[in-house]
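Source file: work03.txt (compact mmCIF, C-alpha atoms)
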```txt
# COMPACT_ATOMS: atom_id res chain seq x y z
CA MET X 1401 -20.73 6.07 3.56
CA GLY X 1402 -20.11 4.38 0.22
CA ALA X 1403 -17.02 2.55 -0.91
CA CYS X 1404 -14.25 4.48 -2.66
CA LYS X 1405 -14.19 4.06 -6.41
CA ILE X 1406 -11.19 2.02 -7.54
CA LEU X 1407 -9.18 4.10 -9.99
CA PRO X 1408 -6.33 2.99 -12.28
CA ALA X 1409 -3.98 4.68 -9.79
CA ASP X 1410 -5.38 2.42 -7.04
CA THR X 1411 -4.88 -0.68 -9.16
CA TRP X 1412 -1.23 0.05 -9.99
CA PHE X 1413 -0.46 1.25 -6.47
CA SER X 1414 -1.96 -1.91 -4.96
CA LYS X 1415 0.03 -4.11 -7.33
CA CYS X 1416 3.23 -2.33 -6.28
CA VAL X 1417 2.49 -2.76 -2.56
CA ARG X 1418 1.86 -6.49 -3.01
CA TYR X 1419 4.80 -7.00 -5.39
CA ARG X 1420 7.31 -5.32 -3.08
CA THR X 1421 6.89 -8.26 -0.67
CA GLU X 1422 6.97 -10.86 -3.45
CA TRP X 1423 3.21 -11.51 -3.04
CA THR X 1424 3.70 -12.49 0.63
CA CYS X 1425 1.64 -11.44 3.68
CA GLU X 1426 3.74 -9.22 5.92
CA ARG X 1427 2.13 -10.69 9.04
CA CYS X 1428 1.76 -14.45 8.58
CA GLY X 1429 4.06 -15.04 5.61
CA GLY X 1430 1.31 -16.55 3.44
CA TYR X 1431 2.12 -16.53 -0.27
CA SER X 1432 -0.40 -15.55 -2.93
CA PRO X 1433 1.02 -15.00 -6.43
CA GLU X 1434 -0.31 -12.27 -8.66
CA ASP X 1435 -2.67 -14.56 -10.55
CA LYS X 1436 -4.33 -15.35 -7.20
CA ARG X 1437 -4.27 -11.73 -6.01
CA MET X 1438 -7.68 -11.92 -4.35
CA GLY X 1439 -5.88 -13.69 -1.50
CA LEU X 1440 -3.43 -10.83 -0.89
CA HIS X 1441 -4.52 -7.27 -0.26
CA CYS X 1442 -3.05 -3.79 -0.10
CA ALA X 1443 -4.11 -2.90 3.45
CA HIS X 1444 -4.31 0.83 4.10
CA THR X 1445 -3.63 1.98 7.65
CA VAL X 1446 -5.34 5.32 7.05
CA ARG X 1447 -8.32 4.41 4.85
CA ARG X 1448 -8.34 4.98 1.09
CA GLY X 1449 -10.88 7.78 1.44
CA ASN X 1450 -8.08 9.99 2.75
CA TRP X 1451 -6.32 11.30 -0.36
CA SER X 1452 -3.30 12.59 1.58
CA THR X 1453 -2.18 9.04 2.37
CA ARG X 1454 -4.06 7.00 -0.24
CA PHE X 1455 -1.01 6.49 -2.47
CA ASP X 1456 1.70 6.52 0.19
CA PRO X 1457 3.50 3.14 0.26
CA ASN X 1458 4.39 3.77 3.90
CA ASN X 1459 0.67 3.78 4.73
CA CYS X 1460 0.12 0.26 3.41
CA LEU X 1461 0.96 -3.33 4.23
CA SER X 1462 0.64 -6.40 2.06
CA LEU X 1463 -1.74 -8.68 3.98
CA CYS X 1464 -3.64 -11.88 3.24
CA ASN X 1465 -7.43 -11.81 3.48
CA GLY X 1466 -7.54 -13.11 7.07
CA CYS X 1467 -4.85 -10.79 8.39
CA HIS X 1468 -6.42 -7.85 6.53
CA ARG X 1469 -9.80 -8.49 8.15
CA GLN X 1470 -8.20 -8.50 11.59
CA TYR X 1471 -6.16 -5.38 10.68
CA ASP X 1472 -9.30 -3.48 9.66
CA GLY X 1473 -11.38 -4.74 12.57
CA ASP X 1474 -9.13 -4.13 15.58
CA TYR X 1475 -7.43 -0.75 16.06
CA ASP X 1476 -4.94 -2.00 18.66
CA PHE X 1477 -3.98 -4.94 16.44
CA MET X 1478 -3.56 -2.59 13.46
CA ARG X 1479 -1.42 -0.11 15.36
CA ASN X 1480 0.78 -2.79 16.94
CA LEU X 1481 1.33 -4.62 13.64
CA PHE X 1482 2.06 -1.41 11.76
CA VAL X 1483 4.56 -0.26 14.40
CA LYS X 1484 6.22 -3.70 14.43
CA ILE X 1485 6.73 -3.59 10.64
CA ARG X 1486 7.17 0.13 9.85
CA GLY X 1487 8.16 1.61 13.23
CA GLU X 1488 6.73 4.12 15.70
CA GLY X 1489 8.21 7.06 13.79
CA MET X 1490 6.43 6.08 10.57
CA TRP X 1491 3.18 5.65 12.50
CA ARG X 1492 3.47 9.28 13.68
CA ILE X 1493 4.37 10.52 10.19
CA ILE X 1494 1.34 8.81 8.62
CA GLN X 1495 -0.97 10.12 11.37
CA GLU X 1496 0.26 13.67 10.72
CA LYS X 1497 0.19 13.31 6.94
CA LYS X 1498 -3.47 12.26 6.93
CA ASN X 1499 -4.41 15.78 8.07
CA ASP X 1500 -2.63 17.56 5.20
CA LEU X 1501 -5.61 18.86 3.21
CA ASN X 1502 -3.45 20.58 0.59
CA LEU X 1503 -1.65 17.32 -0.18
CA GLY X 1504 -5.00 15.55 -0.40
CA ARG X 1505 -6.31 18.05 -2.93
CA GLN X 1506 -3.09 17.75 -4.96
CA MET X 1507 -3.31 13.95 -5.03
CA LYS X 1508 -6.92 14.08 -6.17
CA ARG X 1509 -6.04 16.46 -9.02
CA GLU X 1510 -3.07 14.32 -10.12
CA LYS X 1511 -4.70 10.87 -10.07
CA LYS X 1512 -3.87 10.23 -13.75
CA GLU X 1513 -0.21 11.10 -13.21
CA ILE X 1514 -0.20 8.89 -10.12
CA ALA X 1515 -1.45 5.95 -12.19
CA VAL X 1516 1.36 6.51 -14.72
CA HIS X 1517 3.91 6.73 -11.89
CA PHE X 1518 2.87 3.48 -10.21
CA ARG X 1519 2.59 1.61 -13.49
CA ALA X 1520 6.20 2.61 -14.21
CA GLU X 1521 7.14 1.59 -10.65
CA TYR X 1522 5.55 -1.82 -11.17
CA GLU X 1523 7.49 -2.27 -14.40
CA ARG X 1524 10.73 -1.24 -12.63
CA MET X 1525 10.04 -3.73 -9.84
CA ASP X 1526 9.28 -6.43 -12.39
CA ARG X 1527 12.62 -5.83 -14.13
CA LEU X 1528 14.39 -6.16 -10.78
CA ARG X 1529 12.59 -9.44 -10.05
CA MET X 1530 13.35 -10.78 -13.55
CA ASN X 1531 17.03 -10.00 -12.91
CA GLY X 1532 16.98 -12.12 -9.76
CA PHE X 1533 16.36 -9.53 -7.05
CA THR X 1534 14.67 -11.05 -4.02
CA GLY X 1535 13.37 -9.54 -0.83
CA LEU X 1536 11.64 -6.26 -0.16
CA ILE X 1537 11.72 -3.67 -2.94
CA GLU X 1538 11.20 -0.10 -1.82
CA ILE X 1539 8.50 1.70 -3.78
CA GLN X 1540 9.34 5.20 -5.03
CA VAL X 1541 6.81 7.59 -3.52
CA TYR X 1542 4.85 9.77 -5.93
CA ALA X 1543 6.14 13.30 -5.37
```

Output the file's structure in the form of structure tokens.
Amino acid sequence: MGACKILPADTWFSKCVRYRTEWTCERCGGYSPEDKRMGLHCAHTVRRGNWSTRFDPNNCLSLCNGCHRQYDGDYDFMRNLFVKIRGEGMWRIIQEKKNDLNLGRQMKREKKEIAVHFRAEYERMDRLRMNGFTGLIEIQVYA
């Protein structure tokens, strides 16, 4: 199975996920500013190949390279970390959402609109940061 093509929607979505935590790993607390973004990843719980959850901020954590490798390589570690950060209820919601084929088809059709949405979200988050907001910024889900 080949890798998923990275679309503009993926790029803007990933930036939002990493920016919401101020470029900090949600597991170990490691800091990696945007200009060093290769050190911080948007880690999908349900893989990017699933369009139903691909652009859901609740499906993703901001993780450094080392934590992301462990997250992808160990199911129990992934589940436990996700539940610790997002909660058991969100784990169940994401697991159900991944099976919504209609939502997946809709997301695939609207990938250009999704890119526009997350670019605007990134700009909104940037304005908040420039005005002194610190801490976690919730990302507006694409509807």

Considering only C-alpha atoms, return as a compact mmCIF listing (two decimals) with C-alpha atoms, in the frame of the given file whatever protein or nucleic-acid residues lie within 12 Å of range 1506-1509 of chain X, sequence-local ones (same chain, fewer than 4 positions apart) excluded.
```txt
# COMPACT_ATOMS: atom_id res chain seq x y z
CA LEU X 1407 -9.18 4.10 -9.99
CA ALA X 1409 -3.98 4.68 -9.79
CA ASP X 1410 -5.38 2.42 -7.04
CA ARG X 1448 -8.34 4.98 1.09
CA GLY X 1449 -10.88 7.78 1.44
CA ASN X 1450 -8.08 9.99 2.75
CA TRP X 1451 -6.32 11.30 -0.36
CA SER X 1452 -3.30 12.59 1.58
CA THR X 1453 -2.18 9.04 2.37
CA ARG X 1454 -4.06 7.00 -0.24
CA PHE X 1455 -1.01 6.49 -2.47
CA ASP X 1456 1.70 6.52 0.19
CA ASP X 1500 -2.63 17.56 5.20
CA LEU X 1501 -5.61 18.86 3.21
CA ASN X 1502 -3.45 20.58 0.59
CA GLU X 1513 -0.21 11.10 -13.21
CA ILE X 1514 -0.20 8.89 -10.12
CA ALA X 1515 -1.45 5.95 -12.19
CA TYR X 1542 4.85 9.77 -5.93
CA ALA X 1543 6.14 13.30 -5.37
```

Distance query Asn1458 in chain X at most 10 Å, only C-alpha atoms, self and fewer than 2 positions along chain excluded, as a short mmCIF file (atom, residue, chain, number, x, y, z; two decimals) with C-alpha atoms, in the frame of the given file:
```cif
data_model
loop_
_atom_site.label_atom_id
_atom_site.label_comp_id
_atom_site.auth_asym_id
_atom_site.auth_seq_id
_atom_site.Cartn_x
_atom_site.Cartn_y
_atom_site.Cartn_z
CA VAL X 1417 2.49 -2.76 -2.56
CA HIS X 1444 -4.31 0.83 4.10
CA THR X 1445 -3.63 1.98 7.65
CA THR X 1453 -2.18 9.04 2.37
CA ARG X 1454 -4.06 7.00 -0.24
CA PHE X 1455 -1.01 6.49 -2.47
CA ASP X 1456 1.70 6.52 0.19
CA CYS X 1460 0.12 0.26 3.41
CA LEU X 1461 0.96 -3.33 4.23
CA PHE X 1482 2.06 -1.41 11.76
CA ARG X 1486 7.17 0.13 9.85
CA MET X 1490 6.43 6.08 10.57
CA TRP X 1491 3.18 5.65 12.50
CA ILE X 1493 4.37 10.52 10.19
CA ILE X 1494 1.34 8.81 8.62
CA GLU X 1538 11.20 -0.10 -1.82
CA ILE X 1539 8.50 1.70 -3.78
CA VAL X 1541 6.81 7.59 -3.52
#
```

Worksheet item: From the list X:Arg1420, X:His1468, X:Lys1511, X:Arg1427, which residue is nearest His1441 in chain X when using only C-alpha atoms?
Response: X:His1468

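From CA of Thr1534 in chain X back to CA of Val1516 in chain X, the distance works out to 24.5 Å.
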
Worksheet entry | Two-atom distance - CA of Arg1479 in chain X, CA of Arg1447 in chain X (Å) |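 So the answer is 13.4 Å.
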
Item to complete: Identify which of the residues X:Cys1416, X:Leu1536, X:Met1530, X:Ala1443 lies closest to Met1478 in chain X, counting only C-alpha atoms when measuring atom-to-atom distances.
Response: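 Of X:Cys1416, X:Leu1536, X:Met1530, X:Ala1443, the one nearest Met1478 in chain X, counting only C-alpha atoms, is X:Ala1443.
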
Edge lengths and centre, in Å to one decimal, as AutoDock Vina command-line options: that's what I need for the box along x, y and z that holds all listed atoms of range 1483-1499 of chain X plus 3 Å on each side.
```
--center_x 1.9 --center_y 6.0 --center_z 11.3 --size_x 18.6 --size_y 25.5 --size_z 14.8
```

Response to the item:
Of X:Leu1528, X:Ser1462, X:Cys1467, X:Leu1440, the one sitting nearest Thr1421 in chain X when using all atoms listed in the file is X:Ser1462

Worksheet entry | d(CA of Cys1442 in chain X, CA of Arg1418 in chain X) in Å |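 Value for the CA of Cys1442 in chain X-CA of Arg1418 in chain X distance: 6.3 Å.
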
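Nearest-residue note for Glu1434 in chain X: choosing from X:Tyr1419, X:Asn1465, X:Arg1492, X:Val1446, the minimum distance belongs to X:Tyr1419, counting all atoms listed in the file.
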
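Proximity of X:Pro1457, X:Gly1439, X:Gly1532, X:Pro1433 to Phe1413 in chain X, computed with only C-alpha atoms, is greatest for X:Pro1457.
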
Missing atoms in range 1506-1529 of chain X should be modelled up to N, CA and C atoms and reported as a CSV table (one decimal), in the frame of the given file.
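And here is the file that came out, selection.csv:
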```csv
chain,number,residue,atom,x,y,z
X,1506,GLN,N,-4.1,18.0,-3.9
X,1506,GLN,CA,-3.1,17.8,-5.0
X,1506,GLN,C,-3.2,16.3,-5.5
X,1507,MET,N,-3.2,15.4,-4.6
X,1507,MET,CA,-3.3,14.0,-5.0
X,1507,MET,C,-4.6,13.7,-5.9
X,1508,LYS,N,-5.7,14.3,-5.4
X,1508,LYS,CA,-6.9,14.1,-6.2
X,1508,LYS,C,-6.8,14.7,-7.6
X,1509,ARG,N,-6.2,15.8,-7.7
X,1509,ARG,CA,-6.0,16.5,-9.0
X,1509,ARG,C,-5.1,15.7,-9.9
X,1510,GLU,N,-4.1,15.0,-9.3
X,1510,GLU,CA,-3.1,14.3,-10.1
X,1510,GLU,C,-3.3,12.8,-10.2
X,1511,LYS,N,-4.5,12.3,-10.1
X,1511,LYS,CA,-4.7,10.9,-10.1
X,1511,LYS,C,-4.2,10.2,-11.4
X,1512,LYS,N,-4.3,10.9,-12.5
X,1512,LYS,CA,-3.9,10.2,-13.8
X,1512,LYS,C,-2.3,10.1,-13.8
X,1513,GLU,N,-1.7,11.1,-13.3
X,1513,GLU,CA,-0.2,11.1,-13.2
X,1513,GLU,C,0.3,10.0,-12.2
X,1514,ILE,N,-0.5,9.9,-11.1
X,1514,ILE,CA,-0.2,8.9,-10.1
X,1514,ILE,C,-0.3,7.5,-10.7
X,1515,ALA,N,-1.3,7.3,-11.5
X,1515,ALA,CA,-1.4,6.0,-12.2
X,1515,ALA,C,-0.2,5.7,-13.1
X,1516,VAL,N,0.2,6.7,-13.8
X,1516,VAL,CA,1.4,6.5,-14.7
X,1516,VAL,C,2.6,6.2,-13.9
X,1517,HIS,N,2.8,6.9,-12.8
X,1517,HIS,CA,3.9,6.7,-11.9
X,1517,HIS,C,4.0,5.3,-11.4
X,1518,PHE,N,2.8,4.8,-10.8
X,1518,PHE,CA,2.9,3.5,-10.2
X,1518,PHE,C,2.9,2.4,-11.2
X,1519,ARG,N,2.4,2.6,-12.4
X,1519,ARG,CA,2.6,1.6,-13.5
X,1519,ARG,C,4.1,1.5,-13.8
X,1520,ALA,N,4.8,2.6,-13.9
X,1520,ALA,CA,6.2,2.6,-14.2
X,1520,ALA,C,7.0,2.0,-13.0
X,1521,GLU,N,6.5,2.2,-11.8
X,1521,GLU,CA,7.1,1.6,-10.6
X,1521,GLU,C,7.0,0.1,-10.7
X,1522,TYR,N,5.8,-0.4,-11.1
X,1522,TYR,CA,5.6,-1.8,-11.2
X,1522,TYR,C,6.5,-2.4,-12.2
X,1523,GLU,N,6.6,-1.8,-13.3
X,1523,GLU,CA,7.5,-2.3,-14.4
X,1523,GLU,C,9.0,-2.3,-13.9
X,1524,ARG,N,9.4,-1.3,-13.2
X,1524,ARG,CA,10.7,-1.2,-12.6
X,1524,ARG,C,10.9,-2.4,-11.7
X,1525,MET,N,10.0,-2.6,-10.8
X,1525,MET,CA,10.0,-3.7,-9.8
X,1525,MET,C,10.1,-5.1,-10.6
X,1526,ASP,N,9.3,-5.2,-11.6
X,1526,ASP,CA,9.3,-6.4,-12.4
X,1526,ASP,C,10.6,-6.7,-13.0
X,1527,ARG,N,11.3,-5.7,-13.6
X,1527,ARG,CA,12.6,-5.8,-14.1
X,1527,ARG,C,13.6,-6.3,-13.1
X,1528,LEU,N,13.5,-5.7,-11.9
X,1528,LEU,CA,14.4,-6.2,-10.8
X,1528,LEU,C,14.2,-7.6,-10.5
X,1529,ARG,N,12.9,-8.0,-10.4
X,1529,ARG,CA,12.6,-9.4,-10.0
X,1529,ARG,C,13.1,-10.4,-11.2
```
